[in-house]
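Heads up, the thing below is written out as structure tokens.
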Amino acid sequence: MAQSPGETSEGLSPTFLELLRLEPLRELTVLDVGTGAGRLALALAPLCRAVVGIDREARQIDEAKKRAAAAGLANVRFVVGDVEVEDYAPFKPDMVVAHLCMSSAIAERAGRVLRPGRVFAFVAFHADQWKETGHPSRFAYREVGARRLLKRSGFTVERLVVEREVATFESVEQGLAAAVALEEKWKADGRWSPYVKFLEEGGRTLTRAHLVVKARKT
Ligand SMILES: C[S@@+](CC[C@H](N)C(=O)[O-])C[C@H]1O[C@@H](n2cnc3c(N)ncnc32)[C@H](O)[C@@H]1O
């Protein structure tokens, strides 16, 4: 998909990266949950003492390992695991980050492992993400829900920003063209037909919306 205004070339929010850079990363071991192919972990590794990326998809972890080796990064490692089941304590993290992989199980585990004063920061899909398809992601939150979850998990919210971008179209064809890179995925997850229907019934928008959050263990 095309890079959105305000995103880095790796598709990471500059606001999110700035919030992380305000922490003493050189002294910290950072745990990146739902790391995928390591996009965030690899961006952070040169700035941190160490980074551990976890994902349940072995193929993604293999790709992340290859990318780390190609970049010559020795302080990052990648592990296959389920971040909604595993205990994070064996990784001894000083900070937990999550990029587009957020759930109450993750926030609770971060709350359990981090000492007071330590940071949990994440980018999550906002509930308005791709609302035109009528299928919110299970990783999606509204502001109030995210705040409630963080409080329950033992965190104080320091920053909570919604980054939103609404593309508008003049025709059905334009709307379809804007989502062409998502067609295969949306056909598989049932979003494509509702989106086509939305356009055919006169809808002319496609919304992308993320929550960018930094919270500190109370
Ligand atoms: C939208 S991708 C984001 C990947 C990466 N953080 C990034 O921004 O490029 C979500 C990732 O979360 C992983 N994931 C989802 N649920 C998970 C779980 N319970 N345990 C481990 N990984 C999970 C998926 O395998 C996928 O790689």
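Going through the structure tokens in order, the chains are called A, B, and so on, while each chain numbers its residues from 1 and the ligands are numbered from 1 in the order shown.
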Pick out each residue of stretch 63-179 of chain A that DSSP on the backbone tags as alpha helix (DSSP H); I need them as number ranges by chain.
A: 63-71, 104-113, 143-152, 172-178
If you keep C-alpha atoms, can you produce a file of those selected residues as a PDB file, in the first residue's frame?
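Output saved as part_8.pdb:
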```pdb
ATOM      1  CA  GLU A  63      12.340 -13.124   7.676  1.00  0.00           C
ATOM      2  CA  ALA A  64      13.088 -10.852  10.647  1.00  0.00           C
ATOM      3  CA  LYS A  65      16.233 -12.877  11.452  1.00  0.00           C
ATOM      4  CA  LYS A  66      17.413 -12.571   7.843  1.00  0.00           C
ATOM      5  CA  ARG A  67      16.839  -8.832   7.873  1.00  0.00           C
ATOM      6  CA  ALA A  68      18.734  -8.443  11.163  1.00  0.00           C
ATOM      7  CA  ALA A  69      21.670 -10.437   9.778  1.00  0.00           C
ATOM      8  CA  ALA A  70      21.655  -8.405   6.545  1.00  0.00           C
ATOM      9  CA  ALA A  71      21.730  -5.198   8.601  1.00  0.00           C
ATOM     10  CA  SER A 104      -6.081  -6.928  26.617  1.00  0.00           C
ATOM     11  CA  ALA A 105      -3.903 -10.056  27.089  1.00  0.00           C
ATOM     12  CA  ILE A 106      -0.877  -8.101  25.796  1.00  0.00           C
ATOM     13  CA  ALA A 107      -1.532  -5.033  27.975  1.00  0.00           C
ATOM     14  CA  GLU A 108      -2.024  -7.252  31.035  1.00  0.00           C
ATOM     15  CA  ARG A 109       1.255  -9.112  30.412  1.00  0.00           C
ATOM     16  CA  ALA A 110       3.097  -5.822  29.894  1.00  0.00           C
ATOM     17  CA  GLY A 111       1.603  -4.559  33.153  1.00  0.00           C
ATOM     18  CA  ARG A 112       2.771  -7.668  34.992  1.00  0.00           C
ATOM     19  CA  VAL A 113       6.357  -7.615  33.746  1.00  0.00           C
ATOM     20  CA  GLU A 143      -9.696   6.161  22.970  1.00  0.00           C
ATOM     21  CA  VAL A 144     -11.904   5.397  25.960  1.00  0.00           C
ATOM     22  CA  GLY A 145     -11.409   1.617  25.643  1.00  0.00           C
ATOM     23  CA  ALA A 146      -7.631   1.975  25.404  1.00  0.00           C
ATOM     24  CA  ARG A 147      -7.531   4.243  28.475  1.00  0.00           C
ATOM     25  CA  ARG A 148      -9.700   1.851  30.470  1.00  0.00           C
ATOM     26  CA  LEU A 149      -7.543  -1.153  29.544  1.00  0.00           C
ATOM     27  CA  LEU A 150      -4.312   0.655  30.425  1.00  0.00           C
ATOM     28  CA  LYS A 151      -5.631   1.792  33.796  1.00  0.00           C
ATOM     29  CA  ARG A 152      -6.783  -1.743  34.572  1.00  0.00           C
ATOM     30  CA  VAL A 172     -16.383   3.577  -7.637  1.00  0.00           C
ATOM     31  CA  GLU A 173     -13.358   2.828  -9.832  1.00  0.00           C
ATOM     32  CA  GLN A 174     -11.185   5.241  -7.857  1.00  0.00           C
ATOM     33  CA  GLY A 175     -12.327   3.660  -4.611  1.00  0.00           C
ATOM     34  CA  LEU A 176     -11.496   0.171  -5.890  1.00  0.00           C
ATOM     35  CA  ALA A 177      -8.115   1.298  -7.200  1.00  0.00           C
ATOM     36  CA  ALA A 178      -7.252   2.772  -3.786  1.00  0.00           C
TER      37      ALA A 178
END
```
Any idea what's packed within 9 Å of A:Val166, counting only C-alpha atoms, ignoring anything in its chain fewer than 5 positions away? Could you give it as an mmCIF file with C-alpha atoms, in the first residue's frame?
```
data_model
loop_
_atom_site.group_PDB
_atom_site.id
_atom_site.type_symbol
_atom_site.label_atom_id
_atom_site.label_comp_id
_atom_site.auth_asym_id
_atom_site.auth_seq_id
_atom_site.Cartn_x
_atom_site.Cartn_y
_atom_site.Cartn_z
ATOM 1 C CA THR A 205 -14.201 7.332 1.406
ATOM 2 C CA LEU A 206 -11.608 4.983 2.870
ATOM 3 C CA THR A 207 -10.461 5.669 6.420
ATOM 4 C CA ARG A 208 -7.159 4.771 8.011
ATOM 5 C CA ALA A 209 -6.945 5.509 11.729
#
```
Stretch 76-85 of chain A: which residues within 8 Å, counting only C-alpha atoms, same-chain residues fewer than 2 positions away excluded, as JSON, numbers by chain?
{"A": [33, 34, 41, 42, 45, 50, 51, 52, 53, 54, 55, 56, 57, 58, 61, 64, 65, 68, 73, 74, 87, 103, 105, 106, 109]}
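Of note, atom CA of A:Trp192 and atom CA of A:Gly134 are spaced 9.9 Å apart.
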For each of A:Asp128, A:Glu18, A:Asp32, A:Glu23, take the minimum atom-to-atom distance to A:Cys101, counting only C-alpha atoms, then give the residue where this is smallest.
A:Asp32
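A straight line drawn from atom CA of A:Phe16 to atom CA of A:His99 is 9.5 Å long.
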Considering only C-alpha atoms and all ligand atoms, state which residue in the set A:Val30, A:Leu160, A:Ala181, A:Leu40 is at the smallest distance from ligand 1.
A:Leu40
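Relative to atom CA of A:Lys214, atom CA of A:Lys92 is found at 19.5 Å.
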Taking only C-alpha atoms and all ligand atoms into account, name the residue in A:Val180, A:Leu199, A:Ala98, A:Leu211 that is nearest to ligand 1.
A:Ala98
Which residues, written as a PyMOL selection string, have at least one atom at most 10 Å from A:Leu114, with only C-alpha atoms counted and residues fewer than 2 positions away on the same chain left out?
chain A and resi 88-89+92-96+109-112+116-120+154-155+216-218
List every residue of stretch 128-218 of chain A that DSSP, applied to the backbone of this structure, places in strand (DSSP E or B), and write the result as a PyMOL selection string.
chain A and resi 140-141+155-168+205-217
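Take the candidates A:Pro136, A:Gly11, A:Gly72, A:Gly36 and check each one against ligand 1 using only C-alpha atoms and all ligand atoms; the shortest distance goes to A:Gly36.
Among the candidates A:Ala215, A:Ser137, A:Leu182, A:Met102, the residue lying nearest to A:Val123 is A:Met102 (atoms considered: only C-alpha atoms).
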Of the candidates A:Gly202, A:Gly38, A:Pro90, A:Pro194, which shows the shortest atom-to-atom distance to ligand 1, using only C-alpha atoms and all ligand atoms?
A:Gly38
